[in-house]
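Undergrad: As input, take protein_6.cif (mmCIF, C-alpha atoms):
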```
data_model
#
loop_
_atom_site.group_PDB
_atom_site.id
_atom_site.type_symbol
_atom_site.label_atom_id
_atom_site.label_comp_id
_atom_site.auth_asym_id
_atom_site.auth_seq_id
_atom_site.Cartn_x
_atom_site.Cartn_y
_atom_site.Cartn_z
ATOM 1 C CA MET A 1 -17.643 40.185 9.844
ATOM 2 C CA ALA A 2 -19.401 37.873 7.392
ATOM 3 C CA SER A 3 -17.892 34.399 7.298
ATOM 4 C CA PRO A 4 -15.591 34.070 4.311
ATOM 5 C CA GLN A 5 -16.634 32.029 1.302
ATOM 6 C CA PRO A 6 -14.067 29.284 0.681
ATOM 7 C CA ARG A 7 -12.934 28.658 -2.896
ATOM 8 C CA ILE A 8 -13.402 25.046 -3.969
ATOM 9 C CA GLY A 9 -12.177 23.917 -7.385
ATOM 10 C CA VAL A 10 -13.821 21.239 -9.545
ATOM 11 C CA VAL A 11 -11.586 19.717 -12.228
ATOM 12 C CA THR A 12 -13.134 19.047 -15.642
ATOM 13 C CA TYR A 13 -11.376 16.327 -17.655
ATOM 14 C CA PRO A 14 -12.408 15.376 -21.180
ATOM 15 C CA GLY A 15 -15.298 13.010 -20.399
ATOM 16 C CA SER A 16 -16.143 14.360 -16.928
ATOM 17 C CA GLN A 17 -19.904 14.432 -16.463
ATOM 18 C CA ASP A 18 -20.684 15.430 -12.915
ATOM 19 C CA ASP A 19 -18.528 18.546 -12.779
ATOM 20 C CA ARG A 20 -21.533 20.844 -13.225
ATOM 21 C CA ASP A 21 -23.549 19.146 -10.491
ATOM 22 C CA ALA A 22 -20.516 19.391 -8.185
ATOM 23 C CA LEU A 23 -20.103 23.105 -8.970
ATOM 24 C CA TRP A 24 -23.818 23.683 -8.426
ATOM 25 C CA ALA A 25 -23.924 21.751 -5.133
ATOM 26 C CA LEU A 26 -20.867 23.534 -3.716
ATOM 27 C CA ALA A 27 -22.302 26.937 -4.634
ATOM 28 C CA ALA A 28 -25.643 25.951 -3.054
ATOM 29 C CA LEU A 29 -23.707 25.124 0.124
ATOM 30 C CA ASP A 30 -22.174 28.601 0.133
ATOM 31 C CA ALA A 31 -18.743 27.923 -1.354
ATOM 32 C CA GLU A 32 -17.308 29.803 -4.285
ATOM 33 C CA ALA A 33 -17.192 26.973 -6.824
ATOM 34 C CA VAL A 34 -14.277 27.383 -9.244
ATOM 35 C CA PRO A 35 -14.083 25.420 -12.517
ATOM 36 C CA VAL A 36 -10.580 24.050 -13.236
ATOM 37 C CA TRP A 37 -9.709 22.866 -16.745
ATOM 38 C CA HIS A 38 -7.729 19.620 -17.138
ATOM 39 C CA ASP A 39 -4.748 21.207 -18.887
ATOM 40 C CA GLU A 40 -4.094 23.799 -16.169
ATOM 41 C CA ARG A 41 -0.587 23.177 -14.835
ATOM 42 C CA GLU A 42 -1.177 25.300 -11.757
ATOM 43 C CA LEU A 43 -4.305 25.444 -9.668
ATOM 44 C CA PRO A 44 -5.836 28.844 -8.956
ATOM 45 C CA ASP A 45 -5.901 29.927 -5.302
ATOM 46 C CA LEU A 46 -8.132 27.217 -3.772
ATOM 47 C CA ASP A 47 -9.114 25.963 -0.315
ATOM 48 C CA ALA A 48 -10.183 22.504 -1.540
ATOM 49 C CA VAL A 49 -10.458 20.531 -4.799
ATOM 50 C CA VAL A 50 -13.083 18.069 -6.066
ATOM 51 C CA LEU A 51 -12.421 15.496 -8.806
ATOM 52 C CA PRO A 52 -15.866 14.741 -10.226
ATOM 53 C CA GLY A 53 -17.503 11.657 -11.700
ATOM 54 C CA GLY A 54 -17.768 10.714 -15.348
ATOM 55 C CA PHE A 55 -15.647 8.829 -17.838
ATOM 56 C CA SER A 56 -12.412 10.813 -18.093
ATOM 57 C CA TYR A 57 -10.567 10.081 -21.350
ATOM 58 C CA GLY A 58 -13.270 7.529 -22.189
ATOM 59 C CA ASP A 59 -12.130 5.251 -19.322
ATOM 60 C CA HIS A 60 -9.726 3.729 -21.856
ATOM 61 C CA LEU A 61 -7.224 1.110 -20.622
ATOM 62 C CA ARG A 62 -8.458 1.376 -16.986
ATOM 63 C CA CYS A 63 -10.760 3.921 -15.339
ATOM 64 C CA GLY A 64 -8.649 6.912 -14.309
ATOM 65 C CA ALA A 65 -5.433 5.531 -15.858
ATOM 66 C CA ILE A 66 -5.046 8.323 -18.412
ATOM 67 C CA ALA A 67 -6.421 11.193 -16.292
ATOM 68 C CA ARG A 68 -3.670 10.406 -13.831
ATOM 69 C CA PHE A 69 -1.168 11.961 -16.261
ATOM 70 C CA SER A 70 -3.080 15.155 -17.041
ATOM 71 C CA PRO A 71 -1.496 18.476 -15.987
ATOM 72 C CA ALA A 72 -4.320 19.287 -13.552
ATOM 73 C CA THR A 73 -3.809 15.942 -11.780
ATOM 74 C CA ALA A 74 -0.131 16.787 -11.245
ATOM 75 C CA ALA A 75 -1.226 20.117 -9.733
ATOM 76 C CA VAL A 76 -3.776 18.312 -7.526
ATOM 77 C CA ARG A 77 -1.026 15.951 -6.351
ATOM 78 C CA GLU A 78 1.114 18.916 -5.243
ATOM 79 C CA PHE A 79 -1.927 20.462 -3.538
ATOM 80 C CA ALA A 80 -2.661 17.193 -1.669
ATOM 81 C CA ASP A 81 1.002 16.669 -0.736
ATOM 82 C CA ALA A 82 0.955 20.123 0.886
ATOM 83 C CA GLY A 83 -2.021 19.018 3.017
ATOM 84 C CA GLY A 84 -4.765 20.436 0.753
ATOM 85 C CA LEU A 85 -8.256 18.936 0.939
ATOM 86 C CA VAL A 86 -9.090 16.725 -2.063
ATOM 87 C CA LEU A 87 -12.372 14.869 -2.621
ATOM 88 C CA GLY A 88 -12.682 12.330 -5.452
ATOM 89 C CA ILE A 89 -16.174 11.192 -6.396
ATOM 90 C CA CYS A 90 -16.680 8.023 -8.511
ATOM 91 C CA ASN A 91 -14.343 8.558 -11.506
ATOM 92 C CA GLY A 92 -12.503 11.056 -9.286
ATOM 93 C CA PHE A 93 -11.965 8.221 -6.763
ATOM 94 C CA GLN A 94 -10.672 5.981 -9.567
ATOM 95 C CA ILE A 95 -8.253 8.717 -10.672
ATOM 96 C CA LEU A 96 -6.945 9.220 -7.110
ATOM 97 C CA CYS A 97 -6.315 5.459 -6.792
ATOM 98 C CA GLU A 98 -4.537 5.272 -10.163
ATOM 99 C CA ALA A 99 -2.465 8.320 -9.181
ATOM 100 C CA GLY A 100 -1.432 6.658 -5.916
ATOM 101 C CA LEU A 101 -2.989 9.438 -3.815
ATOM 102 C CA LEU A 102 -5.322 6.811 -2.359
ATOM 103 C CA PRO A 103 -4.596 3.116 -1.745
ATOM 104 C CA GLY A 104 -6.235 0.314 -3.721
ATOM 105 C CA ALA A 105 -7.966 -0.063 -7.073
ATOM 106 C CA LEU A 106 -11.486 -0.104 -8.495
ATOM 107 C CA LEU A 107 -12.452 -3.046 -10.694
ATOM 108 C CA ARG A 108 -15.422 -4.121 -12.797
ATOM 109 C CA ASN A 109 -18.553 -4.707 -10.681
ATOM 110 C CA GLU A 110 -18.830 -8.330 -9.589
ATOM 111 C CA SER A 111 -22.245 -8.575 -11.316
ATOM 112 C CA LEU A 112 -20.760 -7.159 -14.560
ATOM 113 C CA ARG A 113 -23.794 -4.839 -14.514
ATOM 114 C CA PHE A 114 -23.846 -1.069 -14.316
ATOM 115 C CA VAL A 115 -25.550 -0.176 -11.025
ATOM 116 C CA CYS A 116 -27.623 3.000 -10.804
ATOM 117 C CA ARG A 117 -29.664 3.436 -7.629
ATOM 118 C CA ASP A 118 -29.769 5.003 -4.189
ATOM 119 C CA VAL A 119 -27.863 2.948 -1.616
ATOM 120 C CA PRO A 120 -27.451 3.281 2.146
ATOM 121 C CA VAL A 121 -23.896 3.616 3.457
ATOM 122 C CA THR A 122 -22.582 3.597 7.020
ATOM 123 C CA VAL A 123 -20.271 6.382 8.137
ATOM 124 C CA GLU A 124 -17.224 4.828 9.816
ATOM 125 C CA ARG A 125 -15.482 8.070 10.805
ATOM 126 C CA ASP A 126 -16.836 11.494 11.683
ATOM 127 C CA ASP A 127 -13.486 13.063 12.595
ATOM 128 C CA LEU A 128 -12.483 13.989 9.039
ATOM 129 C CA PRO A 129 -12.879 17.290 7.184
ATOM 130 C CA PHE A 130 -15.321 15.461 4.872
ATOM 131 C CA THR A 131 -17.530 13.878 7.550
ATOM 132 C CA ALA A 132 -17.612 16.320 10.495
ATOM 133 C CA ARG A 133 -21.350 16.949 10.028
ATOM 134 C CA CYS A 134 -22.077 13.179 10.084
ATOM 135 C CA SER A 135 -22.117 10.773 13.034
ATOM 136 C CA ALA A 136 -19.954 7.651 13.124
ATOM 137 C CA GLY A 137 -22.251 4.635 12.872
ATOM 138 C CA GLY A 138 -24.957 6.719 11.207
ATOM 139 C CA ARG A 139 -26.341 6.043 7.742
ATOM 140 C CA LEU A 140 -26.514 8.160 4.611
ATOM 141 C CA VAL A 141 -28.551 7.400 1.490
ATOM 142 C CA LEU A 142 -26.583 8.316 -1.636
ATOM 143 C CA PRO A 143 -26.896 7.436 -5.322
ATOM 144 C CA VAL A 144 -24.336 5.195 -7.027
ATOM 145 C CA LYS A 145 -23.989 4.914 -10.812
ATOM 146 C CA HIS A 146 -20.993 2.946 -11.993
ATOM 147 C CA GLY A 147 -19.788 -0.137 -13.819
ATOM 148 C CA ASP A 148 -16.356 -0.239 -12.186
ATOM 149 C CA GLY A 149 -16.870 0.297 -8.478
ATOM 150 C CA ARG A 150 -15.545 -2.896 -6.894
ATOM 151 C CA TYR A 151 -12.979 -1.616 -4.437
ATOM 152 C CA LEU A 152 -9.935 -3.786 -3.832
ATOM 153 C CA PRO A 153 -7.777 -2.541 -0.950
ATOM 154 C CA PRO A 154 -4.037 -3.221 -0.805
ATOM 155 C CA PRO A 155 -3.202 -6.075 1.609
ATOM 156 C CA ASP A 156 -1.816 -3.600 4.160
ATOM 157 C CA LEU A 157 -4.719 -1.121 4.256
ATOM 158 C CA ASP A 158 -5.133 0.402 7.721
ATOM 159 C CA PRO A 159 -8.800 -0.269 8.649
ATOM 160 C CA ALA A 160 -8.919 3.279 10.066
ATOM 161 C CA GLN A 161 -8.749 4.542 6.465
ATOM 162 C CA VAL A 162 -12.200 3.127 5.695
ATOM 163 C CA VAL A 163 -14.609 6.082 5.855
ATOM 164 C CA LEU A 164 -17.817 4.734 4.266
ATOM 165 C CA ARG A 165 -19.183 1.189 3.931
ATOM 166 C CA TYR A 166 -22.154 -0.093 1.919
ATOM 167 C CA VAL A 167 -25.002 -1.563 3.936
ATOM 168 C CA ASP A 168 -25.959 -3.801 0.966
ATOM 169 C CA ASN A 169 -22.868 -4.201 -1.193
ATOM 170 C CA PRO A 170 -23.912 -3.200 -4.748
ATOM 171 C CA ASN A 171 -20.670 -4.046 -6.587
ATOM 172 C CA GLY A 172 -18.678 -6.691 -4.701
ATOM 173 C CA SER A 173 -16.289 -4.266 -2.994
ATOM 174 C CA VAL A 174 -14.039 -6.007 -0.447
ATOM 175 C CA ASP A 175 -15.585 -5.583 3.033
ATOM 176 C CA GLY A 176 -18.257 -3.370 1.466
ATOM 177 C CA ILE A 177 -15.850 -0.443 1.302
ATOM 178 C CA ALA A 178 -17.495 2.579 -0.372
ATOM 179 C CA GLY A 179 -15.012 5.311 0.569
ATOM 180 C CA VAL A 180 -11.404 5.505 1.819
ATOM 181 C CA CYS A 181 -9.073 8.297 2.880
ATOM 182 C CA ASN A 182 -5.294 8.638 2.754
ATOM 183 C CA GLU A 183 -3.160 8.298 5.875
ATOM 184 C CA GLY A 184 -3.198 12.057 6.437
ATOM 185 C CA GLY A 185 -7.009 12.226 6.231
ATOM 186 C CA ASN A 186 -6.913 15.148 3.758
ATOM 187 C CA VAL A 187 -7.799 13.079 0.659
ATOM 188 C CA LEU A 188 -11.073 11.134 0.417
ATOM 189 C CA GLY A 189 -12.436 9.019 -2.428
ATOM 190 C CA LEU A 190 -15.908 7.519 -2.609
ATOM 191 C CA MET A 191 -18.015 5.812 -5.278
ATOM 192 C CA PRO A 192 -21.439 7.231 -4.224
ATOM 193 C CA HIS A 193 -22.347 10.717 -5.436
ATOM 194 C CA PRO A 194 -22.968 13.289 -2.695
ATOM 195 C CA GLU A 195 -23.323 16.051 -5.323
ATOM 196 C CA HIS A 196 -26.473 14.374 -6.686
ATOM 197 C CA ALA A 197 -28.035 14.276 -3.216
ATOM 198 C CA VAL A 198 -28.189 17.834 -1.914
ATOM 199 C CA ASP A 199 -31.928 18.460 -2.307
ATOM 200 C CA PRO A 200 -34.826 16.359 -0.949
ATOM 201 C CA LEU A 201 -36.532 16.797 -4.333
ATOM 202 C CA LEU A 202 -33.920 14.419 -5.757
ATOM 203 C CA GLY A 203 -34.684 11.687 -3.223
ATOM 204 C CA SER A 204 -32.059 12.468 -0.578
ATOM 205 C CA ASP A 205 -30.127 15.422 0.725
ATOM 206 C CA ASP A 206 -27.655 13.319 2.725
ATOM 207 C CA GLY A 207 -24.882 14.212 0.277
ATOM 208 C CA ALA A 208 -25.082 17.768 1.575
ATOM 209 C CA LEU A 209 -23.744 16.524 4.942
ATOM 210 C CA LEU A 210 -20.496 15.414 3.296
ATOM 211 C CA LEU A 211 -20.134 18.434 1.007
ATOM 212 C CA ALA A 212 -21.087 20.948 3.725
ATOM 213 C CA SER A 213 -18.470 19.324 5.973
ATOM 214 C CA LEU A 214 -15.929 19.980 3.223
ATOM 215 C CA VAL A 215 -17.134 23.580 2.838
ATOM 216 C CA ASP A 216 -16.851 24.070 6.638
ATOM 217 C CA ALA A 217 -13.311 22.657 6.679
ATOM 218 C CA ALA A 218 -12.286 24.777 3.690
ATOM 219 C CA ARG A 219 -13.733 27.864 5.405
ATOM 220 C CA GLU A 220 -11.743 27.118 8.554
ATOM 221 C CA ARG A 221 -8.621 27.046 6.421
ATOM 222 C CA VAL A 222 -9.471 30.486 5.044
ATOM 223 C CA LEU A 223 -10.032 31.826 8.567
ATOM 224 C CA ALA A 224 -6.723 30.335 9.706
ATOM 225 C CA THR A 225 -4.882 32.433 7.130
ATOM 226 C CA ILE A 226 -6.628 35.755 7.955
ATOM 227 C CA MET B 1 10.480 -3.053 -33.551
ATOM 228 C CA LYS B 2 7.215 -4.813 -32.705
ATOM 229 C CA ALA B 3 6.264 -5.794 -29.205
ATOM 230 C CA THR B 4 3.261 -7.494 -27.670
ATOM 231 C CA VAL B 5 2.213 -6.924 -24.078
ATOM 232 C CA LEU B 6 -0.034 -9.399 -22.286
ATOM 233 C CA VAL B 7 -1.802 -7.982 -19.233
ATOM 234 C CA ARG B 8 -3.528 -10.457 -16.933
ATOM 235 C CA PRO B 9 -5.596 -10.160 -13.767
ATOM 236 C CA LYS B 10 -3.326 -11.362 -10.941
ATOM 237 C CA PRO B 11 -4.036 -14.781 -9.435
ATOM 238 C CA GLY B 12 -6.534 -14.485 -6.620
ATOM 239 C CA ILE B 13 -8.173 -11.348 -8.054
ATOM 240 C CA LEU B 14 -11.826 -12.064 -8.755
ATOM 241 C CA ASP B 15 -12.405 -11.911 -12.524
ATOM 242 C CA PRO B 16 -16.167 -11.880 -13.161
ATOM 243 C CA GLN B 17 -15.590 -11.433 -16.886
ATOM 244 C CA GLY B 18 -13.539 -14.658 -16.946
ATOM 245 C CA GLU B 19 -16.271 -16.420 -14.974
ATOM 246 C CA ALA B 20 -18.923 -15.274 -17.463
ATOM 247 C CA VAL B 21 -16.788 -16.491 -20.376
ATOM 248 C CA GLY B 22 -16.151 -19.818 -18.628
ATOM 249 C CA SER B 23 -19.839 -20.337 -17.989
ATOM 250 C CA ALA B 24 -20.763 -19.416 -21.594
ATOM 251 C CA LEU B 25 -18.237 -21.980 -22.829
ATOM 252 C CA GLY B 26 -19.846 -24.501 -20.469
ATOM 253 C CA HIS B 27 -23.224 -23.798 -22.083
ATOM 254 C CA LEU B 28 -21.661 -24.590 -25.466
ATOM 255 C CA GLY B 29 -20.636 -28.006 -24.139
ATOM 256 C CA PHE B 30 -16.953 -27.287 -23.490
ATOM 257 C CA GLU B 31 -15.508 -28.452 -20.211
ATOM 258 C CA VAL B 32 -13.652 -25.445 -18.853
ATOM 259 C CA GLN B 33 -12.144 -25.523 -15.367
ATOM 260 C CA ASP B 34 -11.105 -21.882 -15.343
ATOM 261 C CA ALA B 35 -11.209 -18.837 -17.620
ATOM 262 C CA ARG B 36 -9.491 -15.489 -17.018
ATOM 263 C CA VAL B 37 -9.759 -12.474 -19.322
ATOM 264 C CA GLY B 38 -6.848 -10.075 -19.832
ATOM 265 C CA LYS B 39 -5.659 -7.642 -22.502
ATOM 266 C CA VAL B 40 -3.287 -7.731 -25.457
ATOM 267 C CA ILE B 41 -1.495 -4.514 -26.415
ATOM 268 C CA ASP B 42 0.482 -4.527 -29.680
ATOM 269 C CA LEU B 43 3.122 -1.828 -29.971
ATOM 270 C CA GLU B 44 5.608 -0.642 -32.520
ATOM 271 C CA VAL B 45 8.588 1.136 -30.938
ATOM 272 C CA GLU B 46 11.855 2.728 -31.989
ATOM 273 C CA ALA B 47 14.729 0.801 -30.447
ATOM 274 C CA ALA B 48 18.312 -0.109 -31.377
ATOM 275 C CA ASP B 49 17.949 -3.756 -30.442
ATOM 276 C CA GLU B 50 15.713 -6.264 -28.729
ATOM 277 C CA SER B 51 16.936 -5.606 -25.195
ATOM 278 C CA ALA B 52 16.499 -1.842 -25.594
ATOM 279 C CA ALA B 53 12.978 -2.429 -26.891
ATOM 280 C CA ARG B 54 12.202 -4.747 -23.984
ATOM 281 C CA ALA B 55 13.508 -2.244 -21.425
ATOM 282 C CA GLN B 56 11.403 0.511 -22.971
ATOM 283 C CA VAL B 57 8.200 -1.554 -23.089
ATOM 284 C CA GLU B 58 8.704 -2.769 -19.521
ATOM 285 C CA GLN B 59 8.848 0.886 -18.449
ATOM 286 C CA MET B 60 5.571 1.483 -20.270
ATOM 287 C CA CYS B 61 4.014 -1.428 -18.383
ATOM 288 C CA GLU B 62 5.226 -0.160 -15.031
ATOM 289 C CA ARG B 63 4.048 3.385 -15.645
ATOM 290 C CA LEU B 64 0.782 2.908 -17.519
ATOM 291 C CA LEU B 65 -0.123 -0.351 -19.228
ATOM 292 C CA ALA B 66 -0.591 -2.462 -16.081
ATOM 293 C CA ASN B 67 -1.711 -1.622 -12.553
ATOM 294 C CA PRO B 68 0.688 -3.623 -10.365
ATOM 295 C CA LEU B 69 -1.864 -4.040 -7.583
ATOM 296 C CA ILE B 70 -4.288 -6.001 -9.765
ATOM 297 C CA GLU B 71 -2.455 -7.022 -12.951
ATOM 298 C CA SER B 72 0.680 -8.843 -14.066
ATOM 299 C CA TYR B 73 2.271 -8.313 -17.458
ATOM 300 C CA GLU B 74 4.455 -10.157 -19.919
ATOM 301 C CA VAL B 75 6.431 -8.546 -22.750
ATOM 302 C CA GLU B 76 7.144 -10.345 -26.005
ATOM 303 C CA ILE B 77 9.442 -8.741 -28.557
ATOM 304 C CA VAL B 78 8.263 -9.898 -31.950
ATOM 305 C CA GLY B 79 11.178 -8.384 -33.873
#
```
Show me this structure written as structure tokens.
TA:
Amino acid sequence: MASPQPRIGVVTYPGSQDDRDALWALAALDAEAVPVWHDERELPDLDAVVLPGGFSYGDHLRCGAIARFSPATAAVREFADAGGLVLGICNGFQILCEAGLLPGALLRNESLRFVCRDVPVTVERDDLPFTARCSAGGRLVLPVKHGDGRYLPPPDLDPAQVVLRYVDNPNGSVDGIAGVCNEGGNVLGLMPHPEHAVDPLLGSDDGALLLASLVDAARERVLATI
Amino acid sequence: MKATVLVRPKPGILDPQGEAVGSALGHLGFEVQDARVGKVIDLEVEAADESAARAQVEQMCERLLANPLIESYEVEIVG
């Protein structure tokens, strides 16, 4: 029997920019990539969801503050609460923090400058659905492009929730934190963009390790229900 | 009824925008020990009286206007 193709949704908010790259990358990694519109109150039948980068609702007030109240975000919250796999990239990470699905907040870069370059990050955990193809302690090179990426953890953050750390901190994040997961390990947010790094032609294909891990985990969930 | 909300970065939260403003003021010859940059949100709301307006605006702050992890807020009812 051919291995089943997992269905992975990508939510498009007004102002999302990286939704198409995320859809393309997931399809290239053999998932069925499913576009989800921001005003959908119920998600289609999905095995994982990605919240992409961009400037949802113009980043007005605070990044992610308005997207948090969109119908699709409420549906994603239900999906995550039921144990569903959710990956938030850049603006998607900001939305997950504002929505309380991930701890902490993302603030203006310490330099006040927009950073746009490839950066090395260290993988802290390889036991998550998002990092199973990586090795703990290993490095990935991924692009960042953000003005508000300075991660501030809550005072009580469990250090085990830190999944990725910058080697050279590009934005002033506390302890160089580049990606965190929730306590259950089924929701991950990160500022770097794995969906822009799935082909060596674009400078790095390290992002494919993270996204293919997600596709693997989503496929296992399909198999578990057959 | 008119209300004004002041949203400030909490003490201890690094505010690079405030630092940039403080240093620009220094270049102009002003002696500034500290500068912090926040937001002002002016609202007009339907409410029976001042305390009802305040309760409503405080709800808005809790739910949207301020992020309690990084910001504090103050509500002024202008009348």
Undergrad: Every residue with an atom at most 7 Å from (-21.6, 20.4, 12.1) (file coordinates; only C-alpha atoms) is what I'm after, so could you write them as a list in words?
TA: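 Result, sorted by chain then residue number: Ala132, Arg133 and Ser213 of chain A.
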Undergrad: Can you write out the residues you just picked, keeping C-alpha atoms, as a PDB file, in the coordinates of the input?
TA:
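Okay, this is what ended up in out.pdb:
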```pdb
ATOM      1  CA  ALA A 132     -17.612  16.320  10.495  1.00  0.00           C
ATOM      2  CA  ARG A 133     -21.350  16.949  10.028  1.00  0.00           C
ATOM      3  CA  SER A 213     -18.470  19.324   5.973  1.00  0.00           C
TER       4      SER A 213
END
```
Undergrad: Given the choices A:Val222, A:Gly179, A:Ala74, A:Leu23, which gets closest to Glu40 in chain A if the distance is worked out from all atoms listed in the file?
TA: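 Looking only at the distances to Glu40 in chain A, the closest residue turns out to be A:Ala74.
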Undergrad: Suppose a student applies the PyMOL selection byres ((chain A) within 7 of (chain B)) to this structure; what residues should they get, written as a PyMOL selection string?
TA: chain A and resi 65+110+112
Undergrad: Could you check how far CA of Ala48 in chain A sits from CA of Gly9 in chain A, in Å to one decimal?
TA: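 These two atoms are separated by 6.3 Å.
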Undergrad: Step by step, work through what the PyMOL selection byres ((chain A and resi 131) around 9) selects in the shown file, and finish by giving those residues as a list in words.
TA: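 Selection result, ordered by chain and number: Val123, Arg125, Asp126, Asp127, Leu128, Pro129, Phe130, Ala132, Arg133, Cys134, Ser135, Ala136, Val163, Leu209, Leu210, Leu211, Ala212, Ser213 and Leu214 of chain A.
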Undergrad: Can you spell out as a list in words the set of residues that the PyMOL selection byres ((chain A and resi 137-142) around 6) selects in the structure I just provided?
TA: Asp118, Val119, Pro120, Val121, Thr122, Val123, Glu124, Ser135, Ala136, Pro143, Pro192 and Asp206 of chain A
Undergrad: Could you name the residues that touch Pro170 in chain A at 10 Å or less, counting only C-alpha atoms, but leaving out those on the same chain fewer than 2 positions away, as number ranges by chain?
TA: A: 109-111, 113-117, 119, 144, 146, 149-150, 166-168, 172-173, 176, 178
Undergrad: Write out as a list in words each polymer residue whose atoms come within 6 Å of range 6-11 of chain B, counting all atoms listed in the file; drop sequence neighbours fewer than 5 positions from it.
TA: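 Once the adjacent positions are removed, what remains is Gly38, Lys39, Val40, Ile70, Glu71, Ser72, Tyr73 and Glu74 of chain B.
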Undergrad: Considering all atoms listed in the file, state which residue in the set B:Val21, B:Val78, B:His27, B:Gly12 is at the smallest distance from Val45 in chain B.
TA: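 Selected residue with least distance to Val45 in chain B: B:Val78.
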Undergrad: Work out how far CA of Gly104 in chain A is from CA of Asp156 in chain A, in Å to one decimal.
TA: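 Going from CA of Asp156 in chain A over to CA of Gly104 in chain A covers 9.8 Å.
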Undergrad: State, in Å with one decimal place, the distance from CA of Cys97 in chain A to CA of Tyr13 in chain A.
TA: 16.2 Å
Undergrad: Mind checking which residues fall within 7 Å of Ala105 in chain A, counting only C-alpha atoms, ignoring those fewer than 2 positions away in the same chain, and posting them as a list in words?
TA: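 Surrounding residues, per the criterion: Cys97, Leu107, Tyr151, Leu152 and Pro153 of chain A.
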Undergrad: Taking all atoms of range 25-40 of chain B that the file lists and extending 8 Å past them on each side, where is the centre of the axis-aligned box and how long are its edges? Answer in Å to one decimal, as JSON.
TA:
```
{"center_x": -13.3, "center_y": -18.0, "center_z": -20.4, "size_x": 35.9, "size_y": 36.8, "size_z": 26.1}
```
Undergrad: Find the residues near Ala47 in chain B: any atom within 10 Å, counting only C-alpha atoms, skip ones fewer than 4 places away on the same chain, and give them as an mmCIF file with C-alpha atoms, in the coordinates of the input.
TA:
```cif
data_model
loop_
_atom_site.group_PDB
_atom_site.id
_atom_site.type_symbol
_atom_site.label_atom_id
_atom_site.label_comp_id
_atom_site.auth_asym_id
_atom_site.auth_seq_id
_atom_site.Cartn_x
_atom_site.Cartn_y
_atom_site.Cartn_z
ATOM 1 C CA MET B 1 10.480 -3.053 -33.551
ATOM 2 C CA LYS B 2 7.215 -4.813 -32.705
ATOM 3 C CA SER B 51 16.936 -5.606 -25.195
ATOM 4 C CA ALA B 52 16.499 -1.842 -25.594
ATOM 5 C CA ALA B 53 12.978 -2.429 -26.891
ATOM 6 C CA ARG B 54 12.202 -4.747 -23.984
ATOM 7 C CA ALA B 55 13.508 -2.244 -21.425
ATOM 8 C CA GLN B 56 11.403 0.511 -22.971
#
```
Undergrad: Compare A:Thr12, A:Gln5, A:Gln94, A:Gln17 by their minimum atom-to-atom distance to Glu195 in chain A, counting only C-alpha atoms, and give me the closest one.
TA: A:Gln17
Undergrad: Using all atoms listed in the file, determine which residues lie at most 10 Å from His193 in chain A, disregarding the query and same-chain residues fewer than 4 positions distant; provide the list as a list in words.
TA: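 My list of contacting residues is Asp18, Asp21, Ala22, Pro52, Gly53, Gly88, Ile89, Cys90, Asp118, Val141, Leu142, Pro143, Val144, Lys145, Ala197, Val198 and Gly207 of chain A.
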